[in-house]
file input.cif (mmCIF, C-alpha atoms and all ligand atoms)
data_protein
#
loop_
_atom_site.label_atom_id
_atom_site.label_comp_id
_atom_site.auth_asym_id
_atom_site.auth_seq_id
_atom_site.Cartn_x
_atom_site.Cartn_y
_atom_site.Cartn_z
CA MET A 268 59.18 -23.32 -33.30
CA ASP A 269 62.18 -25.55 -33.78
CA VAL A 270 63.81 -26.10 -37.14
CA ASP A 271 65.81 -29.09 -38.40
CA ILE A 272 67.85 -28.28 -41.52
CA GLY A 273 69.82 -31.56 -41.55
CA ASN A 274 68.14 -32.86 -44.70
CA ALA A 275 69.09 -29.69 -46.59
CA LEU A 276 72.84 -30.24 -46.14
CA ALA A 277 74.92 -30.94 -49.25
CA SER A 278 76.11 -34.19 -47.64
CA VAL A 279 72.58 -35.62 -47.98
CA ALA A 280 70.75 -33.52 -50.57
CA SER A 281 71.15 -32.18 -54.07
CA PRO A 282 70.72 -29.29 -54.29
CA GLY A 283 72.03 -28.89 -50.78
CA VAL A 284 74.11 -26.43 -48.81
CA SER A 285 77.36 -27.44 -47.13
CA ARG A 286 77.99 -26.74 -43.49
CA ALA A 287 81.02 -24.60 -44.53
CA SER A 288 78.80 -22.48 -46.82
CA LEU A 289 76.30 -22.00 -44.01
CA GLU A 290 79.12 -20.87 -41.73
CA ARG A 291 80.23 -18.31 -44.32
CA LEU A 292 76.62 -17.20 -44.80
CA ASP A 293 76.37 -16.78 -41.03
CA GLU A 294 78.56 -13.67 -41.25
CA ARG A 295 75.91 -12.06 -43.45
CA VAL A 296 73.21 -13.29 -41.06
CA ALA A 297 74.97 -11.44 -38.22
CA ASP A 298 74.97 -8.20 -40.28
CA ALA A 299 71.35 -8.72 -41.31
CA HIS A 300 70.36 -9.31 -37.69
CA GLU A 301 71.93 -5.98 -36.72
CA ARG A 302 70.04 -4.26 -39.52
CA ILE A 303 66.77 -5.87 -38.42
CA GLU A 304 67.29 -4.90 -34.77
CA ARG A 305 68.05 -1.33 -35.83
CA GLY A 306 64.91 -1.22 -37.99
CA MET A 307 62.86 -2.47 -35.06
CA THR A 308 64.36 0.02 -32.62
CA ASN A 309 63.77 2.92 -35.02
CA ARG A 310 60.29 1.62 -35.85
CA GLU A 311 61.07 1.67 -39.58
CA HIS A 312 58.44 0.65 -42.11
CA GLY A 313 58.15 -3.12 -42.22
CA TYR A 314 60.62 -3.84 -39.43
CA GLU A 315 57.99 -2.42 -37.08
CA ALA A 316 55.95 -5.60 -37.71
CA LEU A 317 58.44 -7.52 -35.58
CA ASN A 318 57.52 -5.24 -32.65
CA LEU A 319 53.83 -6.24 -32.77
CA PRO A 320 53.90 -8.71 -29.87
CA GLU A 321 54.67 -5.85 -27.48
CA ARG A 322 52.53 -3.21 -29.25
CA THR A 323 49.23 -5.02 -29.85
CA ASP A 324 46.68 -4.43 -27.11
CA PRO A 325 44.31 -7.42 -26.70
CA ASP A 326 41.99 -5.42 -24.41
CA GLU A 327 41.45 -2.79 -27.09
CA ILE A 328 40.57 -5.50 -29.62
CA ARG A 329 38.19 -7.25 -27.21
CA ALA A 330 36.50 -3.92 -26.36
CA ALA A 331 35.90 -3.21 -30.06
CA VAL A 332 34.33 -6.63 -30.68
CA ASP A 333 32.27 -6.58 -27.48
CA PRO A 334 29.00 -5.51 -29.20
CA VAL A 335 29.14 -8.63 -31.41
CA ALA A 336 30.95 -11.01 -29.05
CA ASP A 337 27.98 -13.40 -28.96
CA ALA A 338 27.49 -13.55 -32.75
CA GLU A 339 26.82 -17.03 -34.11
CA ALA A 340 28.82 -16.30 -37.25
CA LEU A 341 31.56 -13.92 -38.33
CA LEU A 342 31.88 -12.71 -41.90
CA THR A 343 35.33 -11.25 -42.57
CA VAL A 344 35.57 -9.06 -45.65
CA GLY A 345 39.17 -8.46 -46.73
CA ILE A 346 41.78 -9.87 -49.09
CA GLY A 347 45.48 -10.82 -49.04
CA GLY A 348 47.16 -9.61 -45.88
CA SER A 349 43.82 -8.33 -44.65
CA SER A 350 42.36 -11.84 -44.68
CA LEU A 351 44.96 -14.61 -44.62
CA GLY A 352 46.35 -13.95 -41.12
CA ALA A 353 42.87 -13.83 -39.61
CA ALA A 354 41.88 -16.96 -41.52
CA THR A 355 45.03 -18.81 -40.43
CA ILE A 356 44.32 -18.12 -36.77
CA ALA A 357 40.57 -18.75 -36.98
CA ASN A 358 40.96 -21.98 -38.96
CA ALA A 359 43.59 -23.38 -36.60
CA PHE A 360 41.27 -23.75 -33.62
CA GLU A 361 37.81 -24.99 -32.68
CA SER A 362 35.16 -22.34 -32.06
CA ASP A 363 31.40 -22.17 -31.65
CA THR A 364 31.44 -19.17 -34.00
CA GLU A 365 31.17 -20.05 -37.67
CA THR A 366 33.70 -18.09 -39.73
CA VAL A 367 33.41 -17.11 -43.36
CA PHE A 368 36.17 -15.21 -45.18
CA LEU A 369 34.95 -13.23 -48.14
CA ASP A 370 38.06 -12.38 -50.11
CA ASN A 371 37.28 -13.30 -53.68
CA VAL A 372 34.65 -11.51 -55.75
CA ASP A 373 33.37 -14.51 -57.68
CA PRO A 374 29.66 -13.60 -57.75
CA ALA A 375 28.28 -17.14 -57.50
CA TRP A 376 30.53 -17.93 -54.55
CA VAL A 377 29.74 -14.65 -52.76
CA SER A 378 25.99 -15.24 -53.18
CA ARG A 379 26.31 -18.81 -51.91
CA LYS A 380 28.27 -17.71 -48.84
CA LEU A 381 25.78 -14.98 -47.98
CA ALA A 382 22.84 -17.33 -48.43
CA SER A 383 24.43 -19.81 -46.02
CA LEU A 384 24.64 -17.33 -43.12
CA PRO A 385 22.02 -16.43 -40.47
CA LEU A 386 22.45 -12.69 -41.14
CA GLU A 387 20.60 -11.52 -38.00
CA GLU A 388 23.16 -13.50 -35.93
CA THR A 389 26.19 -12.61 -38.05
CA ALA A 390 28.89 -10.02 -37.31
CA ILE A 391 30.82 -8.30 -40.11
CA ASN A 392 34.57 -7.74 -39.85
CA VAL A 393 35.77 -5.43 -42.63
CA VAL A 394 39.52 -5.12 -43.00
CA SER A 395 41.53 -3.04 -45.44
CA ARG A 396 44.76 -1.26 -44.65
CA SER A 397 44.40 1.16 -47.58
CA GLY A 398 40.62 1.30 -47.42
CA THR A 399 40.57 1.35 -51.21
CA THR A 400 40.99 -2.28 -52.35
CA ALA A 401 38.31 -2.87 -54.99
CA GLU A 402 37.48 -6.46 -54.01
CA THR A 403 37.02 -5.62 -50.33
CA LEU A 404 35.01 -2.45 -50.85
CA ALA A 405 32.80 -4.09 -53.50
CA ASN A 406 32.14 -7.11 -51.29
CA PHE A 407 31.35 -4.86 -48.32
CA LEU A 408 28.80 -2.93 -50.39
CA VAL A 409 27.23 -6.24 -51.46
CA VAL A 410 27.18 -7.49 -47.86
CA ARG A 411 25.55 -4.28 -46.58
CA ASP A 412 22.92 -4.56 -49.26
CA ALA A 413 22.23 -8.20 -48.33
CA PHE A 414 21.80 -7.25 -44.67
CA GLU A 415 19.48 -4.36 -45.57
CA SER A 416 17.41 -6.62 -47.83
CA ALA A 417 17.07 -9.08 -44.93
CA GLY A 418 15.96 -6.24 -42.63
CA VAL A 419 19.09 -6.49 -40.46
CA ASP A 420 20.83 -3.29 -39.32
CA TRP A 421 24.43 -3.85 -40.47
CA THR A 422 25.65 -0.78 -38.59
CA GLU A 423 24.91 -2.62 -35.34
CA ARG A 424 26.98 -5.61 -36.39
CA THR A 425 30.05 -4.22 -38.17
CA ILE A 426 33.64 -3.70 -36.97
CA VAL A 427 36.11 -1.90 -39.22
CA THR A 428 39.90 -2.22 -39.20
CA THR A 429 41.66 0.23 -41.51
CA GLY A 430 44.23 3.02 -41.75
CA ASP A 431 43.96 6.59 -40.47
CA SER A 432 42.30 7.85 -43.62
CA GLY A 433 40.63 6.60 -46.78
CA PRO A 434 37.13 5.65 -47.90
CA LEU A 435 36.71 2.86 -45.34
CA ARG A 436 37.76 5.16 -42.48
CA ASP A 437 35.24 7.78 -43.76
CA LEU A 438 32.53 5.15 -43.84
CA ALA A 439 33.31 3.97 -40.31
CA ASP A 440 33.16 7.59 -39.07
CA ARG A 441 29.94 8.36 -40.92
CA HIS A 442 28.13 5.37 -39.40
CA ASP A 443 29.88 5.59 -36.04
CA LEU A 444 31.11 1.98 -36.35
CA PRO A 445 33.50 0.49 -33.81
CA SER A 446 36.88 0.67 -35.49
CA LEU A 447 40.47 -0.32 -34.99
CA LYS A 448 43.58 0.98 -36.68
CA VAL A 449 46.01 -0.96 -38.81
CA PRO A 450 49.29 -0.15 -37.04
CA ASP A 451 51.62 2.26 -38.80
CA GLY A 452 54.64 0.73 -40.49
CA VAL A 453 53.14 -2.76 -40.70
CA PRO A 454 52.48 -4.10 -44.23
CA GLY A 455 49.35 -6.25 -44.58
CA ARG A 456 51.11 -9.60 -44.91
CA PHE A 457 53.00 -8.91 -41.66
CA SER A 458 49.91 -7.79 -39.71
CA ALA A 459 48.44 -11.09 -38.46
CA LEU A 460 49.44 -10.27 -34.89
CA SER A 461 47.62 -6.92 -34.89
CA ALA A 462 43.89 -6.11 -34.99
CA VAL A 463 44.00 -7.14 -38.67
CA GLY A 464 44.41 -10.79 -37.75
CA MET A 465 43.09 -10.76 -34.22
CA VAL A 466 39.58 -9.31 -34.44
CA ALA A 467 38.32 -12.59 -35.88
CA ALA A 468 40.25 -14.50 -33.19
CA ALA A 469 38.64 -12.35 -30.49
CA VAL A 470 35.10 -12.92 -31.79
CA CYS A 471 35.86 -16.67 -31.94
CA GLY A 472 37.01 -16.59 -28.30
CA HIS A 473 40.63 -17.54 -28.95
CA ASP A 474 43.38 -16.65 -26.48
CA LEU A 475 44.86 -13.38 -27.77
CA GLU A 476 47.36 -13.11 -24.93
CA ALA A 477 48.77 -16.56 -25.69
CA LEU A 478 49.15 -15.68 -29.39
CA LEU A 479 51.16 -12.60 -28.45
CA GLU A 480 53.14 -14.40 -25.74
CA GLY A 481 54.15 -17.10 -28.23
CA ALA A 482 55.25 -14.42 -30.69
CA ALA A 483 57.13 -12.52 -27.97
CA ALA A 484 58.97 -15.71 -27.00
CA GLU A 485 59.97 -16.19 -30.65
CA ARG A 486 61.21 -12.60 -30.75
CA GLU A 487 63.53 -13.50 -27.85
CA THR A 488 65.15 -16.20 -30.01
CA LEU A 489 66.35 -13.72 -32.65
CA ALA A 490 70.14 -13.79 -32.52
CA GLY A 491 73.11 -12.98 -34.71
CA SER A 492 73.70 -16.57 -35.82
CA LEU A 493 71.54 -18.93 -37.85
CA PHE A 494 72.82 -21.78 -35.69
CA GLU A 495 71.22 -20.18 -32.63
CA CYS A 496 67.94 -18.90 -34.06
CA PRO A 497 65.32 -21.21 -35.63
CA ALA A 498 63.72 -18.40 -37.66
CA TYR A 499 67.04 -17.33 -39.15
CA ALA A 500 68.06 -20.95 -39.72
CA TYR A 501 64.95 -21.32 -41.86
CA GLY A 502 65.34 -18.00 -43.70
CA ALA A 503 69.04 -18.51 -44.40
CA THR A 504 68.67 -22.14 -45.50
CA THR A 505 65.84 -21.40 -47.92
CA TYR A 506 67.87 -18.50 -49.35
CA ALA A 507 70.95 -20.70 -49.75
CA LEU A 508 68.97 -23.51 -51.37
CA ASP A 509 67.26 -21.12 -53.77
CA GLY A 510 70.68 -19.92 -54.86
CA ARG A 511 71.62 -23.56 -55.53
CA GLY A 512 68.58 -24.30 -57.68
CA ALA A 513 65.69 -24.97 -55.28
CA GLY A 514 63.55 -22.18 -56.69
CA THR A 515 60.33 -23.74 -55.37
CA ASN A 516 59.40 -24.11 -51.71
CA ALA A 517 56.53 -26.54 -51.08
CA VAL A 518 55.15 -25.96 -47.60
CA MET A 519 53.47 -29.08 -46.27
CA PRO A 520 51.84 -28.95 -42.83
CA TYR A 521 50.97 -32.33 -41.33
CA ALA A 522 47.89 -30.85 -39.66
CA GLU A 523 44.60 -30.06 -41.33
CA SER A 524 44.18 -27.12 -38.94
CA LEU A 525 47.29 -25.49 -40.43
CA GLU A 526 46.27 -25.76 -44.08
CA THR A 527 45.48 -22.03 -44.19
CA PHE A 528 48.91 -21.30 -42.72
CA ALA A 529 50.41 -22.53 -46.01
CA GLU A 530 48.26 -19.94 -47.85
CA TRP A 531 49.40 -17.19 -45.49
CA PHE A 532 53.02 -18.29 -45.94
CA ALA A 533 52.64 -18.21 -49.73
CA GLN A 534 51.65 -14.53 -49.67
CA LEU A 535 54.40 -13.68 -47.19
CA TRP A 536 57.11 -15.37 -49.24
CA ALA A 537 55.89 -14.39 -52.72
CA GLU A 538 55.05 -10.73 -52.13
CA SER A 539 58.03 -10.05 -49.92
CA LEU A 540 60.80 -11.77 -51.86
CA GLY A 541 59.54 -11.91 -55.46
CA LYS A 542 61.25 -8.87 -56.94
CA ASP A 543 64.31 -7.83 -58.98
CA GLU A 544 63.96 -11.21 -60.75
CA LEU A 545 64.70 -12.98 -57.47
CA GLY A 546 62.62 -14.98 -55.03
CA GLN A 547 61.49 -18.51 -54.34
CA THR A 548 58.09 -19.77 -55.51
CA PRO A 549 55.94 -20.94 -52.58
CA VAL A 550 53.65 -23.89 -53.16
CA ARG A 551 50.85 -24.93 -50.83
CA ALA A 552 50.65 -28.58 -49.93
CA LEU A 553 49.07 -30.64 -47.13
CA GLY A 554 50.21 -33.85 -45.49
CA ALA A 555 49.15 -36.58 -45.76
CA THR A 556 46.71 -35.63 -48.55
CA ASP A 557 49.32 -34.43 -51.04
CA GLN A 558 51.48 -37.50 -50.58
CA HIS A 559 48.90 -38.94 -52.93
CA SER A 560 49.10 -36.20 -55.53
CA GLN A 561 52.25 -34.02 -55.46
CA LEU A 562 54.86 -36.25 -53.80
CA GLN A 563 55.69 -38.06 -57.04
CA LEU A 564 56.95 -34.77 -58.49
CA TYR A 565 58.81 -33.75 -55.34
CA ARG A 566 60.74 -37.02 -55.20
CA ALA A 567 61.26 -37.76 -58.88
CA GLY A 568 60.74 -34.50 -60.78
CA PRO A 569 63.28 -31.75 -61.47
CA ARG A 570 65.73 -31.00 -58.67
CA ASP A 571 64.37 -27.49 -58.22
CA LYS A 572 62.41 -27.86 -55.01
CA LEU A 573 62.67 -27.62 -51.27
CA VAL A 574 59.93 -29.26 -49.19
CA THR A 575 59.19 -27.58 -45.87
CA PHE A 576 57.41 -29.95 -43.48
CA LEU A 577 55.45 -28.58 -40.57
CA THR A 578 54.97 -31.12 -37.82
CA VAL A 579 52.97 -31.05 -34.59
CA ASP A 580 54.01 -33.05 -31.57
CA GLY A 581 50.89 -34.30 -29.83
CA GLY A 582 47.27 -33.20 -29.73
CA PRO A 583 43.94 -34.98 -29.67
CA ASP A 584 43.97 -38.49 -31.11
CA ARG A 585 41.48 -41.10 -32.23
CA SER A 586 41.97 -44.84 -32.26
CA ILE A 587 41.36 -46.89 -35.38
CA PRO A 588 38.75 -49.61 -34.68
CA GLU A 589 39.92 -53.19 -34.93
CA THR A 590 38.84 -55.32 -37.84
CA ASP A 591 38.97 -59.06 -38.57
CA VAL A 592 40.17 -58.41 -42.14
CA ASP A 593 43.69 -59.88 -41.95
CA ASP A 594 45.37 -57.38 -44.24
CA LEU A 595 43.97 -54.46 -42.25
CA ALA A 596 44.64 -55.87 -38.78
CA TYR A 597 47.77 -53.68 -38.33
CA LEU A 598 45.60 -50.55 -38.48
CA GLY A 599 43.54 -51.68 -35.50
CA ASP A 600 46.62 -51.48 -33.28
CA SER A 601 47.15 -47.82 -34.17
CA THR A 602 45.56 -44.39 -33.90
CA LEU A 603 44.93 -41.82 -36.64
CA GLY A 604 47.63 -39.67 -34.98
CA GLU A 605 50.13 -42.51 -35.19
CA LEU A 606 49.21 -43.09 -38.82
CA LEU A 607 49.68 -39.40 -39.65
CA ALA A 608 53.07 -39.36 -37.85
CA ALA A 609 54.17 -42.47 -39.75
CA GLU A 610 53.03 -40.88 -43.03
CA PHE A 611 55.20 -37.86 -42.27
CA GLU A 612 58.25 -39.90 -41.29
CA ALA A 613 57.90 -42.07 -44.37
CA THR A 614 57.58 -39.06 -46.66
CA GLU A 615 60.53 -37.25 -45.11
CA ALA A 616 62.63 -40.42 -45.42
CA SER A 617 61.50 -40.98 -49.01
CA LEU A 618 62.72 -37.51 -50.00
CA ALA A 619 65.99 -37.91 -48.10
CA ALA A 620 66.58 -41.31 -49.72
CA ALA A 621 66.25 -39.61 -53.12
CA ASP A 622 68.64 -36.79 -52.00
CA ARG A 623 65.85 -34.19 -52.15
CA PRO A 624 66.28 -31.25 -49.78
CA ASN A 625 63.70 -30.86 -47.06
CA VAL A 626 63.42 -28.96 -43.81
CA ARG A 627 61.38 -29.69 -40.72
CA VAL A 628 59.60 -26.97 -38.75
CA GLU A 629 58.38 -28.44 -35.48
CA LEU A 630 55.57 -27.23 -33.21
CA GLU A 631 54.74 -28.70 -29.82
CA ALA A 632 50.99 -28.34 -30.38
CA VAL A 633 48.42 -26.46 -32.43
CA ASP A 634 47.55 -23.87 -29.79
CA GLU A 635 47.58 -20.10 -29.66
CA TYR A 636 51.05 -19.90 -28.09
CA GLU A 637 52.68 -22.12 -30.69
CA LEU A 638 50.84 -20.49 -33.61
CA GLY A 639 51.88 -17.01 -32.42
CA GLY A 640 55.47 -18.25 -32.40
CA LEU A 641 55.13 -19.82 -35.85
CA LEU A 642 53.67 -16.67 -37.46
CA TYR A 643 56.33 -14.48 -35.86
CA GLY A 644 59.13 -16.90 -36.68
CA MET A 645 58.19 -17.10 -40.34
CA GLU A 646 57.91 -13.31 -40.58
CA ALA A 647 61.39 -12.98 -39.08
CA ALA A 648 62.67 -15.69 -41.46
CA CYS A 649 61.23 -13.75 -44.37
CA VAL A 650 62.72 -10.42 -43.26
CA LEU A 651 66.10 -12.13 -42.86
CA ALA A 652 65.82 -13.70 -46.33
CA GLY A 653 64.91 -10.28 -47.75
CA GLU A 654 68.11 -8.85 -46.27
CA LEU A 655 70.14 -11.69 -47.79
CA TYR A 656 68.52 -11.25 -51.24
CA ARG A 657 68.94 -7.46 -50.81
CA VAL A 658 65.36 -6.78 -51.97
CA ASN A 659 62.83 -4.38 -50.53
CA THR A 660 60.87 -6.92 -48.51
CA PHE A 661 58.06 -4.57 -47.57
CA GLU A 662 56.80 -3.33 -50.95
CA GLN A 663 54.75 -5.03 -53.65
CA PRO A 664 54.86 -2.79 -56.75
CA ALA A 665 53.99 -5.64 -59.11
CA VAL A 666 50.69 -6.21 -57.30
CA GLU A 667 49.94 -2.50 -57.29
CA TRP A 668 50.29 -2.48 -61.10
CA ALA A 669 47.36 -4.87 -61.55
CA LYS A 670 45.33 -3.06 -58.90
CA LYS A 671 45.64 0.18 -60.88
CA ALA A 672 44.81 -1.57 -64.16
CA THR A 673 41.64 -3.02 -62.58
CA ARG A 674 40.51 0.36 -61.31
CA GLY A 675 41.20 1.91 -64.69
CA LEU A 676 39.12 -0.73 -66.46
CA LEU A 677 36.17 -0.08 -64.16
CA GLY A 678 36.36 3.71 -64.65
CA GLY A 679 37.81 4.32 -61.20
CA GLY A 680 40.35 6.84 -62.50
CA GLU A 681 42.92 7.41 -65.24
CA PHE A 682 45.54 4.68 -65.04
CA GLU A 683 47.93 4.05 -67.92
CA GLU A 684 48.24 0.43 -66.70
CA ALA A 685 44.67 -0.18 -67.93
CA GLU A 686 45.70 0.60 -71.50
CA ALA A 687 47.99 -2.43 -71.58
CA VAL A 688 44.96 -4.71 -71.31
CA ALA A 689 43.91 -3.92 -74.89
CA GLU A 690 47.41 -4.70 -76.16
CA LYS A 691 47.21 -8.43 -75.47
CA THR A 692 48.74 -10.64 -78.17
CA GLU A 693 46.23 -13.22 -79.41
CA LEU A 694 46.79 -16.63 -80.94
CA ARG A 695 43.40 -18.21 -80.42
CA VAL A 696 42.62 -21.87 -81.01
CA GLU A 697 38.86 -22.29 -81.14
CA ARG A 698 36.80 -25.45 -80.91
O1 LIG B 701 44.53 -4.18 -46.79
P1 LIG B 701 44.32 -3.71 -48.17
O2 LIG B 701 44.82 -2.30 -48.39
O3 LIG B 701 42.89 -3.85 -48.60
O4 LIG B 701 45.19 -4.59 -49.12
C1 LIG B 701 44.94 -5.96 -49.32
C2 LIG B 701 46.06 -6.56 -50.15
O5 LIG B 701 46.10 -5.79 -51.33
C3 LIG B 701 47.16 -6.03 -52.25
O6 LIG B 701 46.90 -7.14 -53.02
C4 LIG B 701 48.50 -6.08 -51.61
O7 LIG B 701 49.45 -6.54 -52.50
C5 LIG B 701 48.46 -6.98 -50.39
O8 LIG B 701 49.71 -6.94 -49.76
C6 LIG B 701 47.39 -6.50 -49.46
O9 LIG B 701 47.42 -7.29 -48.32
#
call {"tool": "encode", "arguments": {"input": "input.cif", "output": "structure tokens", "more": "lines below"}}
Ligand SMILES: O=P(O)(O)OC[C@H]1O[C@H](O)[C@H](O)[C@@H](O)[C@@H]1O
result
Amino acid sequence: MDVDIGNALASVASPGVSRASLERLDERVADAHERIERGMTNREHGYEALNLPERTDPDEIRAAVDPVADAEALLTVGIGGSSLGAATIANAFESDTETVFLDNVDPAWVSRKLASLPLEETAINVVSRSGTTAETLANFLVVRDAFESAGVDWTERTIVTTGDSGPLRDLADRHDLPSLKVPDGVPGRFSALSAVGMVAAAVCGHDLEALLEGAAAERETLAGSLFECPAYAYGATTYALDGRGAGTNAVMPYAESLETFAEWFAQLWAESLGKDELGQTPVRALGATDQHSQLQLYRAGPRDKLVTFLTVDGGPDRSIPETDVDDLAYLGDSTLGELLAAEFEATEASLAAADRPNVRVELEAVDEYELGGLLYGMEAACVLAGELYRVNTFEQPAVEWAKKATRGLLGGGEFEEAEAVAEKTELRVER
């Protein structure tokens, strides 16, 4: 990926960061880079994620999915980091395999999804690092039951990706299911480039090697200066802008196929950096669609936002048919791709003209190589930002609190967090 931070400079944006401030910040980037390289070399928790391009074995993943490689549909059961990476990759590319991601436990939605699938032609991909997440385990039990009710042997069609131990590992062993391991030292939201994110890609027939090669090429760009490394330029600029009041980061891909990427990014940014009363709020947007809903706020609302554009250079196009309606004649000379590009340029210019900070992240195409680079680059940007904020990027204690409260409420153990639920302050206004 390439990054253009010109529209975030203080000379053109407010809030903005001056070139001199970035140069001073670059000294901290150099220190952070050393820390990151050391963490990678020593395979420390979290930093190990940045080693995935060289550690992930595509052959091992393909061998595990071989029994279900010709499935018509793939049902992935997982949530958060155990779903969003896989969904980002699967949703980016065309495939003959229909993919469904069962993360939420909304009963009506789960039932609708299951009813829509040809179960006898469907493979199940269960993913949970801990093997204990209530939503994932509950949905898996529901899915198994649905397969049994339809007379389909789920044990023939299930692949498990989980840690070394835990209830899901026990279940995989008991039923002799093909299984893969979540790599040690890799938190869920940083695991897209491992089996966690790549089993679905393998079943869909996507190019695993290209994903890893793109990520490995991005790893080669990591350097001790933000002016030499696109990932660090992004991480350092967002950090600097947050410190100057841009507490919200709206990520706006101009590609429908990358809409899920914005969801993945939101988890990465929020769970990694949102601690010690610090962090930038990620918002998911989509160009050109959200030009017609959110752009008003971004250009004319409070000066507390950064907009991150994600652009793609090239790809399939489609011409707009000519018409004899005079006012629409200009469209007939264009393609949908040209229209989308013009929408982006107009939106970027409209923010710049109103002195609103924005950053461009540029991809050459939506293909496996470029997506691998994008996922890796954003993970590296996030790790760098975590070093600059001085937070523990790789933990998520606030999420764990609610997980414990949920288990306590359902009788899954004694958790003091569950007691807080009854202490809610009420001020009800009834109809
Ligand atoms: O992979 P699992 O252990 O099932 O965890 C799934 C998700 O659970 C929690 O919500 C964590 O905060 C996420 O970081 C994690 O990705």
call {"tool": "residues_near_point", "arguments": {"input": "input.cif", "point": "(46.7, -31.7, -43.2)", "cutoff": "6 Å", "atoms": "all atoms listed in the file", "output": "list in words"}}
result
Pro520, Tyr521, Ala522, Glu523, Leu553 and Gly554 of chain A
call {"tool": "axis_aligned_box", "arguments": {"input": "input.cif", "around": "region 335-338 of chain A", "padding_each_side": "4 Å", "output": "AutoDock Vina command-line options"}}
result
--center_x 29.2 --center_y -11.1 --center_z -30.9 --size_x 11.5 --size_y 12.9 --size_z 11.8
call {"tool": "closest_residue", "arguments": {"input": "input.cif", "among": "A:Trp531, A:Tyr597, A:Tyr314, A:Tyr506", "to": "ligand LIG 701 (chain B)", "atoms": "all atoms listed in the file"}}
result
A:Trp531
call {"tool": "residues_around", "arguments": {"input": "input.cif", "residues": "Ala353 (chain A)", "least_positions_apart": "4", "cutoff": "10 Å", "atoms": "only C-alpha atoms", "output": "PyMOL selection string"}}
result
chain A and resi 343+345+348-349+357-358+368+394+458-468+527+531
call {"tool": "atom_distance", "arguments": {"input": "input.cif", "atom1": "CA of Ala665 (chain A)", "atom2": "atom O7 of ligand LIG 701 (chain B)"}}
result
8.1 Å
call {"tool": "closest_atom_pairs", "arguments": {"input": "input.cif", "of": "chain A", "to": "ligand LIG 701 (chain B)", "cutoff": "6 Å", "atoms": "all atoms listed in the file", "output": "tab-separated table"}}
result
residue	atom	partner	partner_atom	distance
A:Ile346	CA	B:LIG701	C1	5.0
A:Gly347	CA	B:LIG701	O9	4.1
A:Gly348	CA	B:LIG701	O9	3.4
A:Ser349	CA	B:LIG701	O1	4.7
A:Ser395	CA	B:LIG701	O1	3.5
A:Arg396	CA	B:LIG701	O1	3.6
A:Ser397	CA	B:LIG701	O2	3.6
A:Gly398	CA	B:LIG701	O2	5.6
A:Thr400	CA	B:LIG701	O3	4.5
A:Gly455	CA	B:LIG701	O9	4.3
A:Arg456	CA	B:LIG701	O9	5.5
A:Gln663	CA	B:LIG701	O7	5.6
A:Val666	CA	B:LIG701	O7	5.0
call {"tool": "atom_distance", "arguments": {"input": "input.cif", "atom1": "CA of Thr548 (chain A)", "atom2": "CA of Thr515 (chain A)"}}
result
4.6 Å
call {"tool": "closest_residue", "arguments": {"input": "input.cif", "among": "A:Leu292, A:Ala555, A:Leu478, A:Met307", "to": "Gly452 (chain A)", "atoms": "only C-alpha atoms"}}
result
A:Met307
call {"tool": "residues_around", "arguments": {"input": "input.cif", "residues": "Leu641 (chain A)", "least_positions_apart": "6", "cutoff": "8 Å", "atoms": "only C-alpha atoms", "output": "list in words"}}
result
Met268, Ala482, Glu485 and Leu630 of chain A
call {"tool": "write_last_selection", "arguments": {"input": "input.cif", "atoms": "C-alpha atoms", "output": "PDB file, in the frame of the given file"}}
result
ATOM      1  CA  MET A 268      59.180 -23.320 -33.300  1.00  0.00           C
ATOM      2  CA  ALA A 482      55.250 -14.420 -30.690  1.00  0.00           C
ATOM      3  CA  GLU A 485      59.970 -16.190 -30.650  1.00  0.00           C
ATOM      4  CA  LEU A 630      55.570 -27.230 -33.210  1.00  0.00           C
TER       5      LEU A 630
END
call {"tool": "atom_distance", "arguments": {"input": "input.cif", "atom1": "CA of Trp668 (chain A)", "atom2": "CA of Glu654 (chain A)"}}
result
24.0 Å
call {"tool": "closest_residue", "arguments": {"input": "input.cif", "among": "A:Val270, A:Leu384, A:Leu651, A:Lys671", "to": "Asp298 (chain A)", "atoms": "all atoms listed in the file"}}
result
A:Leu651
call {"tool": "closest_residue", "arguments": {"input": "input.cif", "among": "A:Gly352, A:Gly675, A:Gly283, A:Gly604", "to": "Pro583 (chain A)", "atoms": "all atoms listed in the file"}}
result
A:Gly604
call {"tool": "residues_around", "arguments": {"input": "input.cif", "residues": "Asn516 (chain A)", "least_positions_apart": "2", "cutoff": "8 Å", "atoms": "all atoms listed in the file", "output": "JSON, numbers by chain"}}
result
{"A": [505, 513, 514, 518, 547, 548, 549, 550, 572, 573, 574, 575]}
call {"tool": "closest_residue", "arguments": {"input": "input.cif", "among": "A:Asn309, A:Ser539, A:Thr556, A:Ser350", "to": "Ala652 (chain A)", "atoms": "all atoms listed in the file"}}
result
A:Ser539
call {"tool": "residues_around", "arguments": {"input": "input.cif", "residues": "Phe532 (chain A)", "least_positions_apart": "4", "cutoff": "8 Å", "atoms": "only C-alpha atoms", "output": "PyMOL selection string"}}
result
chain A and resi 528+536+549+645
call {"tool": "residues_around", "arguments": {"input": "input.cif", "residues": "Thr422 (chain A)", "least_positions_apart": "3", "cutoff": "9 Å", "atoms": "all atoms listed in the file", "output": "NGL selection string"}}
result
:A and (411 or 419 or 425-426 or 442-444)
call {"tool": "closest_residue", "arguments": {"input": "input.cif", "among": "A:Asp474, A:Leu342, A:Glu321, A:Ser416", "to": "Glu635 (chain A)", "atoms": "all atoms listed in the file"}}
result
A:Asp474
